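Structure below is target_39.txt: compact mmCIF, C-alpha atoms and all ligand atoms.
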```
# COMPACT_ATOMS: atom_id res chain seq x y z
CA MET E 2 7.83 6.39 -74.94
CA THR E 3 10.38 8.64 -76.60
CA VAL E 4 11.87 11.73 -75.07
CA SER E 5 11.17 14.85 -77.10
CA ARG E 6 14.34 16.20 -78.67
CA ASP E 7 12.68 19.38 -79.93
CA ASN E 8 11.09 20.23 -76.62
CA SER E 9 14.33 19.46 -74.76
CA LEU E 10 15.93 22.05 -77.02
CA ALA E 11 13.19 24.55 -76.13
CA VAL E 12 13.85 23.92 -72.43
CA TYR E 13 17.59 24.30 -72.91
CA GLN E 14 17.13 27.52 -74.86
CA GLY E 15 15.00 28.78 -71.99
CA ILE E 16 17.78 27.96 -69.53
CA LYS E 17 20.29 29.86 -71.66
CA ASP E 18 17.96 32.80 -72.19
CA ALA E 19 17.47 33.08 -68.44
CA GLY E 20 21.22 33.73 -68.20
CA ILE E 21 22.05 30.41 -66.53
CA ARG E 22 25.62 29.22 -67.11
CA PHE E 23 25.96 26.63 -64.34
CA ILE E 24 23.80 23.52 -63.95
CA THR E 25 23.95 20.92 -61.19
CA ALA E 26 22.18 17.73 -62.15
CA LEU E 27 21.57 14.08 -61.67
CA PRO E 28 20.67 12.24 -64.88
CA GLU E 29 17.26 10.81 -65.63
CA THR E 30 15.68 9.60 -68.87
CA TRP E 31 13.60 12.71 -69.55
CA LEU E 32 16.69 14.85 -69.06
CA VAL E 33 18.90 12.95 -71.49
CA TYR E 34 18.92 15.49 -74.33
CA LEU E 35 19.02 18.43 -71.95
CA LEU E 36 22.13 17.06 -70.27
CA GLN E 37 23.71 16.34 -73.64
CA LEU E 38 23.06 19.90 -74.74
CA ALA E 39 24.60 21.23 -71.55
CA GLU E 40 27.61 18.95 -71.90
CA ASP E 41 28.26 19.99 -75.50
CA ASP E 42 27.87 23.70 -74.76
CA PRO E 43 31.26 25.33 -74.11
CA ASP E 44 29.52 28.23 -72.34
CA MET E 45 27.83 25.97 -69.80
CA THR E 46 29.28 24.23 -66.78
CA LEU E 47 27.48 20.99 -65.95
CA ILE E 48 28.16 19.27 -62.65
CA GLU E 49 26.70 15.82 -62.18
CA VAL E 50 26.32 14.67 -58.61
CA ALA E 51 26.15 11.27 -56.95
CA LYS E 52 22.99 12.16 -55.05
CA GLU E 53 20.66 15.11 -55.48
CA GLU E 54 21.11 16.49 -51.98
CA GLU E 55 24.68 17.37 -52.91
CA ALA E 56 23.30 19.56 -55.65
CA ILE E 57 21.62 21.78 -53.06
CA GLY E 58 25.02 22.47 -51.46
CA ILE E 59 26.70 23.04 -54.80
CA ALA E 60 23.92 25.41 -55.90
CA ALA E 61 24.29 27.34 -52.64
CA GLY E 62 28.04 27.64 -53.22
CA ALA E 63 27.41 28.82 -56.78
CA HIS E 64 24.90 31.35 -55.49
CA PHE E 65 27.35 32.73 -52.92
CA ALA E 66 29.86 32.98 -55.76
CA GLY E 67 27.41 35.11 -57.74
CA GLN E 68 26.90 32.51 -60.46
CA PRO E 69 23.42 32.25 -62.05
CA ASN E 70 22.59 28.58 -61.76
CA LEU E 71 19.84 26.00 -61.61
CA LEU E 72 19.25 22.36 -60.75
CA LEU E 73 18.00 19.54 -62.96
CA MET E 74 16.67 16.36 -61.40
CA GLN E 75 13.72 14.02 -61.32
CA ASN E 76 11.10 14.20 -58.61
CA HIS E 77 12.60 11.26 -56.70
CA GLY E 78 15.81 13.26 -56.53
CA PHE E 79 13.88 16.18 -55.13
CA LEU E 80 12.51 13.84 -52.48
CA ALA E 81 16.07 12.69 -51.73
CA ALA E 82 17.25 16.28 -51.33
CA ILE E 83 14.68 17.56 -48.87
CA ASN E 84 16.85 18.03 -45.79
CA GLY E 85 19.28 20.09 -47.85
CA ILE E 86 16.42 22.17 -49.19
CA VAL E 87 15.03 22.75 -45.71
CA SER E 88 18.17 23.00 -43.59
CA LEU E 89 20.35 24.88 -46.03
CA ALA E 90 18.29 26.73 -48.64
CA MET E 91 15.28 27.64 -46.52
CA LEU E 92 17.13 28.12 -43.24
CA TYR E 93 19.72 30.46 -44.77
CA ARG E 94 17.42 32.06 -47.38
CA VAL E 95 19.40 30.76 -50.33
CA PRO E 96 17.46 30.86 -53.63
CA LEU E 97 17.14 27.59 -55.55
CA CYS E 98 15.69 27.19 -59.02
CA MET E 99 14.80 23.53 -59.55
CA LEU E 100 13.66 22.02 -62.84
CA ILE E 101 12.11 18.72 -61.86
CA ALA E 102 11.10 15.94 -64.24
CA HIS E 103 7.71 14.93 -62.90
CA ARG E 104 7.76 11.20 -63.36
CA GLY E 105 5.08 8.85 -62.13
CA HIS E 106 1.98 10.87 -62.83
CA MET E 107 -0.91 10.55 -65.33
CA GLY E 108 0.04 8.25 -68.19
CA GLU E 109 2.97 6.71 -66.32
CA PRO E 110 3.38 3.09 -67.45
CA TYR E 111 6.19 2.22 -65.00
CA PRO E 112 4.99 1.18 -61.54
CA TRP E 113 8.24 2.19 -59.80
CA HIS E 114 7.68 5.85 -60.58
CA THR E 115 4.13 6.05 -59.31
CA GLN E 116 4.48 6.59 -55.55
CA GLY E 117 6.94 9.40 -56.08
CA GLY E 118 4.69 10.85 -58.74
CA ILE E 119 1.74 10.83 -56.38
CA VAL E 120 3.45 12.51 -53.42
CA THR E 121 5.55 15.13 -55.19
CA GLU E 122 2.97 17.90 -55.34
CA PRO E 123 1.72 17.39 -51.76
CA VAL E 124 5.33 17.50 -50.53
CA LEU E 125 5.99 20.72 -52.45
CA ARG E 126 2.86 22.19 -50.87
CA ALA E 127 3.83 21.00 -47.41
CA LEU E 128 7.21 22.67 -47.81
CA ASN E 129 5.58 25.85 -49.10
CA ILE E 130 7.71 25.72 -52.23
CA PRO E 131 6.18 27.72 -55.07
CA PHE E 132 5.80 25.52 -58.14
CA ASP E 133 4.37 25.49 -61.61
CA TYR E 134 3.96 22.88 -64.34
CA ALA E 135 5.62 23.29 -67.73
CA ARG E 136 3.53 21.55 -70.38
CA ASP E 137 4.06 23.55 -73.54
CA HIS E 138 7.24 24.12 -75.52
CA GLN E 139 6.06 27.57 -76.49
CA THR E 140 5.81 28.86 -72.93
CA VAL E 141 8.48 26.85 -71.12
CA ALA E 142 11.27 29.37 -71.74
CA ARG E 143 9.26 32.12 -70.14
CA GLN E 144 8.37 29.85 -67.22
CA ILE E 145 12.03 29.05 -66.59
CA LYS E 146 12.92 32.72 -66.57
CA GLU E 147 10.03 33.45 -64.22
CA ALA E 148 10.95 30.61 -61.87
CA TYR E 149 14.55 31.79 -61.76
CA THR E 150 13.57 35.42 -61.18
CA TYR E 151 11.16 34.40 -58.44
CA SER E 152 13.74 32.26 -56.64
CA LEU E 153 16.05 35.29 -56.47
CA SER E 154 13.40 37.77 -55.35
CA SER E 155 11.79 35.45 -52.80
CA LEU E 156 15.10 33.94 -51.59
CA SER E 157 13.30 30.64 -51.67
CA PRO E 158 13.36 27.33 -53.48
CA VAL E 159 11.14 27.41 -56.56
CA ALA E 160 10.19 24.35 -58.63
CA LEU E 161 9.23 24.10 -62.26
CA MET E 162 7.84 20.65 -62.99
CA LEU E 163 8.67 19.31 -66.42
CA SER E 164 5.58 17.33 -67.35
CA ARG E 165 4.97 14.34 -69.60
CA ASP E 166 3.23 16.55 -72.20
CA LEU E 167 6.43 18.52 -72.57
CA MET E 168 9.12 15.87 -72.24
CA GLU E 169 7.65 13.01 -74.30
CA ASP E 170 6.76 12.87 -77.97
CA MET M 9 45.47 16.43 -30.82
CA LYS M 10 42.60 18.85 -30.31
CA ARG M 11 40.60 20.30 -33.16
CA ALA M 12 40.41 23.73 -31.51
CA LYS M 13 44.22 23.85 -31.47
CA CYS M 14 44.39 22.82 -35.13
CA ILE M 15 41.95 25.53 -36.15
CA GLU M 16 43.85 28.05 -34.05
CA ALA M 17 47.10 27.08 -35.76
CA ILE M 18 45.73 27.73 -39.25
CA TYR M 19 43.51 30.67 -38.28
CA PRO M 20 45.90 33.33 -39.62
CA GLU M 21 46.05 31.44 -42.91
CA LEU M 22 42.26 31.44 -43.20
CA GLN M 23 42.01 35.23 -43.42
CA ASP M 24 42.40 35.39 -47.19
CA LYS M 25 40.42 32.24 -47.99
CA LEU M 26 36.74 31.31 -48.12
CA VAL M 27 35.93 29.04 -45.21
CA VAL M 28 32.91 26.75 -44.80
CA THR M 29 32.49 24.83 -41.54
CA ILE M 30 30.12 22.18 -40.31
CA MET M 31 27.80 22.79 -37.40
CA GLY M 32 28.16 22.87 -33.69
CA ALA M 33 31.50 22.40 -32.02
CA CYS M 34 33.63 23.01 -35.10
CA ALA M 35 31.75 26.17 -36.05
CA GLN M 36 31.98 27.44 -32.47
CA GLU M 37 35.70 26.83 -32.23
CA LEU M 38 36.31 28.88 -35.36
CA TYR M 39 33.87 31.60 -34.32
CA ASP M 40 35.49 31.91 -30.88
CA LEU M 41 38.79 32.83 -32.51
CA GLY M 42 37.03 35.80 -34.07
CA HIS M 43 34.40 35.85 -36.77
CA CYS M 44 35.48 37.03 -40.21
CA GLU M 45 33.24 37.92 -43.13
CA ASN M 46 34.80 35.12 -45.19
CA PHE M 47 33.49 32.41 -42.82
CA PHE M 48 30.26 30.51 -43.46
CA TYR M 49 28.94 28.22 -40.74
CA LEU M 50 26.60 25.50 -41.98
CA GLN M 51 24.71 24.97 -38.75
CA HIS M 52 22.52 22.08 -39.65
CA ALA M 53 22.51 20.38 -43.04
CA MET M 54 24.91 17.51 -42.38
CA GLY M 55 27.20 16.56 -45.24
CA LEU M 56 26.73 19.61 -47.39
CA ALA M 57 29.65 21.78 -46.23
CA SER M 58 31.88 20.05 -48.78
CA SER M 59 29.24 20.49 -51.51
CA ILE M 60 29.06 24.22 -50.78
CA GLY M 61 32.85 24.28 -50.96
CA LEU M 62 32.71 22.62 -54.39
CA GLY M 63 30.14 25.14 -55.67
CA LEU M 64 32.35 27.98 -54.45
CA ALA M 65 35.61 26.55 -55.73
CA LEU M 66 34.30 25.83 -59.23
CA ASN M 67 32.90 29.31 -59.63
CA LEU M 68 35.72 31.26 -57.98
CA PRO M 69 38.92 29.86 -59.46
CA GLN M 70 40.92 32.81 -58.11
CA GLU M 71 39.95 32.03 -54.49
CA LYS M 72 41.17 29.29 -52.19
CA VAL M 73 38.28 27.53 -50.48
CA VAL M 74 38.69 25.65 -47.20
CA VAL M 75 36.07 23.26 -45.82
CA LEU M 76 36.25 22.27 -42.16
CA ASP M 77 34.33 19.00 -42.04
CA GLY M 78 33.64 16.22 -39.54
CA ASP M 79 33.57 12.43 -39.73
CA GLY M 80 29.84 12.23 -39.02
CA SER M 81 29.07 14.82 -41.66
CA VAL M 82 31.27 13.19 -44.29
CA LEU M 83 29.74 9.78 -43.56
CA MET M 84 26.34 11.29 -44.31
CA ASN M 85 27.47 12.39 -47.77
CA LEU M 86 30.25 10.02 -48.84
CA GLY M 87 29.25 10.58 -52.46
CA THR M 88 30.62 14.10 -52.18
CA LEU M 89 34.18 12.74 -52.25
CA THR M 90 33.49 11.05 -55.58
CA THR M 91 31.84 14.15 -57.02
CA ILE M 92 34.66 16.44 -55.93
CA ALA M 93 37.27 13.95 -57.16
CA ARG M 94 35.55 13.86 -60.56
CA TYR M 95 35.56 17.64 -61.01
CA ASN M 96 38.81 18.03 -59.13
CA PRO M 97 38.82 21.76 -58.33
CA PRO M 98 42.44 22.84 -57.84
CA ASN M 99 41.51 25.44 -55.21
CA LEU M 100 39.67 23.34 -52.64
CA VAL M 101 41.17 22.18 -49.35
CA HIS M 102 38.97 19.73 -47.49
CA ILE M 103 39.93 19.21 -43.87
CA ILE M 104 38.05 16.40 -42.16
CA PHE M 105 38.38 16.46 -38.39
CA ASP M 106 37.86 12.85 -37.44
CA ASN M 107 37.00 12.72 -33.75
CA GLY M 108 35.24 9.35 -34.10
CA SER M 109 32.24 11.00 -32.60
CA LEU M 110 28.94 12.72 -33.29
CA LEU M 111 30.19 15.22 -30.78
CA SER M 112 27.77 18.07 -31.30
CA THR M 113 24.82 15.83 -30.68
CA GLY M 114 25.73 14.05 -27.49
CA GLY M 115 29.03 12.41 -28.37
CA PHE M 116 27.74 9.14 -29.76
CA ALA M 117 30.48 7.06 -31.38
CA SER M 118 30.63 7.40 -35.15
CA HIS M 119 31.57 4.58 -37.53
CA THR M 120 35.18 5.75 -37.56
CA THR M 121 35.65 5.08 -33.83
CA SER M 122 36.15 1.37 -34.35
CA GLY M 123 39.22 1.88 -36.52
CA ILE M 124 37.56 -0.29 -39.16
CA THR M 125 36.47 2.63 -41.31
CA ASP M 126 39.32 4.70 -42.69
CA LEU M 127 38.21 8.01 -44.20
CA ALA M 128 41.58 8.69 -45.83
CA ALA M 129 41.35 5.34 -47.62
CA ILE M 130 37.81 6.17 -48.70
CA ALA M 131 39.01 9.51 -50.09
CA ARG M 132 41.82 7.76 -51.98
CA GLY M 133 39.37 5.19 -53.27
CA ALA M 134 37.08 7.99 -54.41
CA GLY M 135 39.92 9.17 -56.60
CA VAL M 136 41.32 12.06 -54.60
CA GLN M 137 44.97 12.50 -55.53
CA ASN M 138 46.17 14.45 -52.49
CA VAL M 139 45.20 12.75 -49.27
CA ALA M 140 47.00 13.22 -45.96
CA ALA M 141 46.18 11.41 -42.74
CA VAL M 142 47.61 13.17 -39.71
CA SER M 143 47.41 12.80 -35.96
CA THR M 144 49.97 15.24 -34.56
CA PRO M 145 49.84 19.06 -34.59
CA MET M 146 53.15 19.23 -36.48
CA ASP M 147 51.89 16.94 -39.21
CA PHE M 148 48.60 18.78 -39.38
CA ILE M 149 50.25 22.16 -39.79
CA ALA M 150 52.61 20.79 -42.44
CA ALA M 151 49.76 19.12 -44.38
CA ALA M 152 47.63 22.27 -44.21
CA ALA M 153 50.53 24.49 -45.33
CA ASP M 154 51.16 22.13 -48.21
CA ALA M 155 47.52 22.13 -49.26
CA PHE M 156 47.22 25.92 -48.97
CA GLU M 157 50.38 26.41 -51.00
CA ASN M 158 49.78 23.96 -53.82
CA ASP M 159 47.09 23.51 -56.43
CA GLY M 160 44.96 20.39 -56.38
CA TYR M 161 41.93 19.21 -54.43
CA SER M 162 43.35 17.96 -51.15
CA VAL M 163 41.79 16.06 -48.34
CA ILE M 164 43.37 16.12 -44.89
CA VAL M 165 41.98 13.62 -42.42
CA ALA M 166 43.02 14.86 -38.98
CA LYS M 167 42.50 12.48 -36.07
CA VAL M 168 41.44 14.60 -33.13
CA GLU M 169 40.10 14.09 -29.64
CA ALA M 170 36.36 14.09 -29.14
CA THR M 171 36.29 17.33 -27.22
CA GLY M 172 34.58 20.60 -27.97
CA PRO M 173 33.72 23.96 -26.47
CA ASP M 174 31.81 24.23 -23.20
CA HIS M 175 29.39 26.77 -24.67
CA PHE M 176 27.44 27.38 -27.87
CA GLY M 177 26.10 30.54 -29.39
CA MET M 178 26.94 33.17 -31.95
CA ASP M 179 25.92 36.77 -32.37
CA LEU M 180 25.07 36.04 -35.99
CA LYS M 181 21.73 35.00 -37.41
CA LEU M 182 21.89 32.26 -40.00
CA PRO M 183 20.56 34.19 -43.01
CA GLU M 184 22.69 37.14 -41.91
CA ASN M 185 25.74 34.90 -42.20
CA ALA M 186 24.66 33.87 -45.70
CA PHE M 187 23.94 37.43 -46.84
CA ARG M 188 27.20 38.81 -45.51
CA PHE M 189 29.23 35.92 -46.91
CA GLU M 190 27.72 36.48 -50.36
CA ARG M 191 28.34 40.22 -50.13
CA TYR M 192 31.92 39.70 -49.02
CA ILE M 193 32.59 37.52 -52.06
CA LYS M 194 30.98 40.07 -54.36
CA GLU M 195 33.06 42.90 -52.94
CA ARG M 196 36.23 40.88 -53.24
CA LYS M 197 35.42 40.18 -56.87
CA GLN M 198 34.85 43.90 -57.47
CA MET M 199 38.12 44.72 -55.78
CA ARG M 200 39.99 42.22 -57.91
CA THR M 201 38.54 43.67 -61.10
CA LYS M 202 39.48 47.18 -59.95
CA LEU M 203 43.02 46.11 -59.17
CA HIS M 204 43.17 44.46 -62.54
CA ASN M 205 42.07 47.56 -64.46
C1 LIG Y 1 20.16 14.90 -40.88
C2 LIG Y 1 20.63 15.09 -39.49
N1 LIG Y 1 20.61 14.06 -38.62
C3 LIG Y 1 21.05 14.25 -37.35
C4 LIG Y 1 21.50 15.47 -36.93
C5 LIG Y 1 21.97 15.66 -35.51
N2 LIG Y 1 23.38 16.03 -35.43
C6 LIG Y 1 23.78 17.28 -35.15
S1 LIG Y 1 25.43 17.41 -35.06
C7 LIG Y 1 25.65 15.78 -35.41
C8 LIG Y 1 27.02 15.16 -35.42
C9 LIG Y 1 27.98 15.79 -36.34
O1 LIG Y 1 29.13 14.99 -36.34
P1 LIG Y 1 30.47 15.41 -37.01
O2 LIG Y 1 30.23 15.90 -38.39
O3 LIG Y 1 31.44 14.30 -36.85
O4 LIG Y 1 30.96 16.67 -36.17
P2 LIG Y 1 31.25 16.78 -34.59
O5 LIG Y 1 29.96 17.18 -33.95
O6 LIG Y 1 31.76 15.47 -34.12
O7 LIG Y 1 32.24 17.86 -34.49
C10 LIG Y 1 24.44 15.14 -35.56
C11 LIG Y 1 24.25 13.70 -35.85
C12 LIG Y 1 21.51 16.52 -37.88
N3 LIG Y 1 21.95 17.74 -37.61
N4 LIG Y 1 21.05 16.31 -39.14
```

Let me see the file written as C-alpha cells.
Amino acid sequence: MTVSRDNSLAVYQGIKDAGIRFITALPETWLVYLLQLAEDDPDMTLIEVAKEEEAIGIAAGAHFAGQPNLLLMQNHGFLAAINGIVSLAMLYRVPLCMLIAHRGHMGEPYPWHTQGGIVTEPVLRALNIPFDYARDHQTVARQIKEAYTYSLSSLSPVALMLSRDLMED
Amino acid sequence: MKRAKCIEAIYPELQDKLVVTIMGACAQELYDLGHCENFFYLQHAMGLASSIGLGLALNLPQEKVVVLDGDGSVLMNLGTLTTIARYNPPNLVHIIFDNGSLLSTGGFASHTTSGITDLAAIARGAGVQNVAAVSTPMDFIAAAADAFENDGYSVIVAKVEATGPDHFGMDLKLPENAFRFERYIKERKQMRTKLHN
C-alpha cells in the first residue's frame, strides 16, 4: 500500500479552494502528505491535537472567531470524538466540516482497522450526520467545498469520507 | 476560598475578554453576576472548554481569552494541556478551579481530592511555562492580574471549596448563547477595523 501523493495534492487544493485556512488534525497514514502540505503552507495554520475530541472544541473556537476551518482525522478518531460532536457541535448548532480517512473497509489488509471500518457509516447514520464518500481526484475538490458549504448552512457536522480509491495508489 | 468569590473578584476584568466556562456550578456563578455577550457557557461537553479557548485564542490574537475550568473537566481532557503548551497562545488564561469534586453532578470526589494528583505539576509537566497554584483570595487575584496583564499561556490552579449555587437555570438557550457569542466577536472585529481605519 502506498499513499497517493497526487490525490493528496488534489484534496489539499480542494481545501484551499474552499477558502479554508485553519486545519485541526490528528495524523494518520493516509493523511501524511496532506498534513505535510498544510505544514509547509505559510497561508495555512495546522493544529495537531493529542486526541480528536479536542479538535471539536478547537474547531468550535475557530468558528466563533469567524475562521473558515475543517478537521482531518481517521474514522477511529471520529469515533473517539463523538461526545464532543454531540454535546458541543450538535447541542449548540456549531458547524463542523470533517474529512475522515475511512480506514478498515473493503480491501483493508490490517485487522486492527476493520471493526472501526465496519461501524463508521452506521454511527454516522445514527447521529444523523450528513456524509458522502470521496473516491475520485477529479471531483474531490468540489465535494470538499460542498461539504463545507453544507456544514455552514445546516449548522451541523458534515463528514466527507476519504476512501481507499482516493487515498491509495 | 470559594470559587464564586474568585469569579466575583475578577468579574470586572472579564468585561473586555472572551470568557468560556465549564458547565453547571461554575457557569451559574458567572451568569448570576450578570450575563455578558462575551461569555460562552459550555453546558455539557466535559473537557472541551479549554479546547474552545485555544481555537479562539489562535484565531483572535488581539483578544484575551479566559477559560474557567474545573478539575473534573480537565481530568477528562488532560491532553489539552499538552496541545495548548505546544502551540502556546500568548493570549490565553486558563483558570482551573480545583474543588476536588465533581460538584455539578452530585459532589463525588475527583482524583484531585486525595492530594496525590497535582494539576499544577501536570500543567508544568505538559510544558506550560506560567503556572500558578493558589489557595487564598489574595494570591488568586494577584495571579489573575498577572496573567491578564502579561503575554503567555498561563494556567492558574485555584484550590477552592466544593460549594456551588443553590439553584440552576439561565434565561439563555444553548444555541442562542453560541449565536450571540459568535456575533459579538464579529462585531468587535468590525469595530476594531473601523477604529483602525
Ligand atoms: C462525558 C460526561 N460524563 C459525565 C458527565 C456528568 N457530569 C456533569 S458535571 C460533572 C462534573 C464536573 O466537574 P468539574 O469540571 O470539576 O466541575 P464542578 O462541577 O466540580 O464545578 C460531571 C461528571 C458529563 N457531563 N459528561

Tell me, as a PyMOL selection string, which residues lie within 7 Å of Glu49 of chain E, counting only C-alpha atoms; anything in the same chain fewer than 5 positions away does not count. chain E and resi 25-27

Listed atoms of segment 26-33 of chain M boxed axis-aligned with 3 Å per side, centre + edges as AutoDock Vina command-line options:
```
--center_x 32.3 --center_y 26.7 --center_z -40.1 --size_x 14.9 --size_y 15.1 --size_z 22.1
```

Within 8 Å of ligand LIG 1 (chain Y), counting all atoms listed in the file, which protein or nucleic acid residues do you find, written as a ChimeraX atom specification? /E:84 /M:30-34,51-55,77-82,84,105-113,115,118,170,172

For the residues selected in the previous step, produce a file with C-alpha atoms as a PDB file, in the coordinates of the input.
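Output (part-v8.pdb):
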```pdb
ATOM      1  CA  ASN E  84      16.850  18.030 -45.790  1.00  0.00           C
TER       2      ASN E  84
ATOM      3  CA  ILE M  30      30.120  22.180 -40.310  1.00  0.00           C
ATOM      4  CA  MET M  31      27.800  22.790 -37.400  1.00  0.00           C
ATOM      5  CA  GLY M  32      28.160  22.870 -33.690  1.00  0.00           C
ATOM      6  CA  ALA M  33      31.500  22.400 -32.020  1.00  0.00           C
ATOM      7  CA  CYS M  34      33.630  23.010 -35.100  1.00  0.00           C
ATOM      8  CA  GLN M  51      24.710  24.970 -38.750  1.00  0.00           C
ATOM      9  CA  HIS M  52      22.520  22.080 -39.650  1.00  0.00           C
ATOM     10  CA  ALA M  53      22.510  20.380 -43.040  1.00  0.00           C
ATOM     11  CA  MET M  54      24.910  17.510 -42.380  1.00  0.00           C
ATOM     12  CA  GLY M  55      27.200  16.560 -45.240  1.00  0.00           C
ATOM     13  CA  ASP M  77      34.330  19.000 -42.040  1.00  0.00           C
ATOM     14  CA  GLY M  78      33.640  16.220 -39.540  1.00  0.00           C
ATOM     15  CA  ASP M  79      33.570  12.430 -39.730  1.00  0.00           C
ATOM     16  CA  GLY M  80      29.840  12.230 -39.020  1.00  0.00           C
ATOM     17  CA  SER M  81      29.070  14.820 -41.660  1.00  0.00           C
ATOM     18  CA  VAL M  82      31.270  13.190 -44.290  1.00  0.00           C
ATOM     19  CA  MET M  84      26.340  11.290 -44.310  1.00  0.00           C
ATOM     20  CA  PHE M 105      38.380  16.460 -38.390  1.00  0.00           C
ATOM     21  CA  ASP M 106      37.860  12.850 -37.440  1.00  0.00           C
ATOM     22  CA  ASN M 107      37.000  12.720 -33.750  1.00  0.00           C
ATOM     23  CA  GLY M 108      35.240   9.350 -34.100  1.00  0.00           C
ATOM     24  CA  SER M 109      32.240  11.000 -32.600  1.00  0.00           C
ATOM     25  CA  LEU M 110      28.940  12.720 -33.290  1.00  0.00           C
ATOM     26  CA  LEU M 111      30.190  15.220 -30.780  1.00  0.00           C
ATOM     27  CA  SER M 112      27.770  18.070 -31.300  1.00  0.00           C
ATOM     28  CA  THR M 113      24.820  15.830 -30.680  1.00  0.00           C
ATOM     29  CA  GLY M 115      29.030  12.410 -28.370  1.00  0.00           C
ATOM     30  CA  SER M 118      30.630   7.400 -35.150  1.00  0.00           C
ATOM     31  CA  ALA M 170      36.360  14.090 -29.140  1.00  0.00           C
ATOM     32  CA  GLY M 172      34.580  20.600 -27.970  1.00  0.00           C
TER      33      GLY M 172
END
```

Can you list, as a compact mmCIF listing (two decimals) with C-alpha atoms, in the coordinates of the input, every protein, DNA or RNA residue that comes within 12 Å of segment 143-145 of chain E when you count only C-alpha atoms, leaving out same-chain residues fewer than 6 positions away?
```txt
# COMPACT_ATOMS: atom_id res chain seq x y z
CA ALA E 11 13.19 24.55 -76.13
CA VAL E 12 13.85 23.92 -72.43
CA TYR E 13 17.59 24.30 -72.91
CA GLN E 14 17.13 27.52 -74.86
CA GLY E 15 15.00 28.78 -71.99
CA ILE E 16 17.78 27.96 -69.53
CA LYS E 17 20.29 29.86 -71.66
CA ASP E 18 17.96 32.80 -72.19
CA ALA E 19 17.47 33.08 -68.44
CA GLY E 20 21.22 33.73 -68.20
CA ILE E 21 22.05 30.41 -66.53
CA ASN E 70 22.59 28.58 -61.76
CA LEU E 71 19.84 26.00 -61.61
CA LEU E 72 19.25 22.36 -60.75
CA LEU E 73 18.00 19.54 -62.96
CA CYS E 98 15.69 27.19 -59.02
CA MET E 99 14.80 23.53 -59.55
CA LEU E 100 13.66 22.02 -62.84
CA ILE E 101 12.11 18.72 -61.86
CA PHE E 132 5.80 25.52 -58.14
CA ASP E 133 4.37 25.49 -61.61
CA TYR E 134 3.96 22.88 -64.34
CA ALA E 135 5.62 23.29 -67.73
CA ARG E 136 3.53 21.55 -70.38
CA ASP E 137 4.06 23.55 -73.54
CA TYR E 151 11.16 34.40 -58.44
CA SER E 152 13.74 32.26 -56.64
CA VAL E 159 11.14 27.41 -56.56
CA ALA E 160 10.19 24.35 -58.63
CA LEU E 161 9.23 24.10 -62.26
CA MET E 162 7.84 20.65 -62.99
CA LEU E 163 8.67 19.31 -66.42
```

Counting only C-alpha atoms, what are the residues of chain E within 10 Å of chain M, and for each of them which pair of atoms is the nearest and at what distance in Å, to one decimal? Sort the table by chain and rising number, as JSON lines.
```
{"residue": "E:Phe23", "atom": "CA", "partner": "M:Asn67", "partner_atom": "CA", "distance": 8.8}
{"residue": "E:Thr25", "atom": "CA", "partner": "M:Gly63", "partner_atom": "CA", "distance": 9.3}
{"residue": "E:Thr46", "atom": "CA", "partner": "M:Leu66", "partner_atom": "CA", "distance": 9.2}
{"residue": "E:Ile48", "atom": "CA", "partner": "M:Tyr95", "partner_atom": "CA", "distance": 7.8}
{"residue": "E:Glu49", "atom": "CA", "partner": "M:Thr91", "partner_atom": "CA", "distance": 7.5}
{"residue": "E:Val50", "atom": "CA", "partner": "M:Thr91", "partner_atom": "CA", "distance": 5.8}
{"residue": "E:Ala51", "atom": "CA", "partner": "M:Gly87", "partner_atom": "CA", "distance": 5.5}
{"residue": "E:Lys52", "atom": "CA", "partner": "M:Gly87", "partner_atom": "CA", "distance": 7.0}
{"residue": "E:Glu54", "atom": "CA", "partner": "M:Leu56", "partner_atom": "CA", "distance": 7.9}
{"residue": "E:Glu55", "atom": "CA", "partner": "M:Ser59", "partner_atom": "CA", "distance": 5.7}
{"residue": "E:Ala56", "atom": "CA", "partner": "M:Ser59", "partner_atom": "CA", "distance": 7.3}
{"residue": "E:Ile57", "atom": "CA", "partner": "M:Ser59", "partner_atom": "CA", "distance": 7.9}
{"residue": "E:Gly58", "atom": "CA", "partner": "M:Ile60", "partner_atom": "CA", "distance": 4.5}
{"residue": "E:Ile59", "atom": "CA", "partner": "M:Gly63", "partner_atom": "CA", "distance": 4.1}
{"residue": "E:Ala60", "atom": "CA", "partner": "M:Gly63", "partner_atom": "CA", "distance": 6.2}
{"residue": "E:Ala61", "atom": "CA", "partner": "M:Ile60", "partner_atom": "CA", "distance": 6.0}
{"residue": "E:Gly62", "atom": "CA", "partner": "M:Gly63", "partner_atom": "CA", "distance": 4.1}
{"residue": "E:Ala63", "atom": "CA", "partner": "M:Gly63", "partner_atom": "CA", "distance": 4.7}
{"residue": "E:His64", "atom": "CA", "partner": "M:Glu190", "partner_atom": "CA", "distance": 7.8}
{"residue": "E:Phe65", "atom": "CA", "partner": "M:Glu190", "partner_atom": "CA", "distance": 4.6}
{"residue": "E:Ala66", "atom": "CA", "partner": "M:Leu64", "partner_atom": "CA", "distance": 5.7}
{"residue": "E:Gly67", "atom": "CA", "partner": "M:Lys194", "partner_atom": "CA", "distance": 7.0}
{"residue": "E:Gln68", "atom": "CA", "partner": "M:Asn67", "partner_atom": "CA", "distance": 6.9}
{"residue": "E:Asn84", "atom": "CA", "partner": "M:Ala53", "partner_atom": "CA", "distance": 6.7}
{"residue": "E:Gly85", "atom": "CA", "partner": "M:Ala53", "partner_atom": "CA", "distance": 5.8}
{"residue": "E:Ile86", "atom": "CA", "partner": "M:Ala53", "partner_atom": "CA", "distance": 8.8}
{"residue": "E:Val87", "atom": "CA", "partner": "M:Ala53", "partner_atom": "CA", "distance": 8.3}
{"residue": "E:Ser88", "atom": "CA", "partner": "M:Ala53", "partner_atom": "CA", "distance": 5.1}
{"residue": "E:Leu89", "atom": "CA", "partner": "M:Ala53", "partner_atom": "CA", "distance": 5.8}
{"residue": "E:Ala90", "atom": "CA", "partner": "M:Ala53", "partner_atom": "CA", "distance": 9.5}
{"residue": "E:Met91", "atom": "CA", "partner": "M:Pro183", "partner_atom": "CA", "distance": 9.1}
{"residue": "E:Leu92", "atom": "CA", "partner": "M:Pro183", "partner_atom": "CA", "distance": 7.0}
{"residue": "E:Tyr93", "atom": "CA", "partner": "M:Pro183", "partner_atom": "CA", "distance": 4.2}
{"residue": "E:Arg94", "atom": "CA", "partner": "M:Pro183", "partner_atom": "CA", "distance": 5.8}
{"residue": "E:Val95", "atom": "CA", "partner": "M:Ala186", "partner_atom": "CA", "distance": 7.7}
```
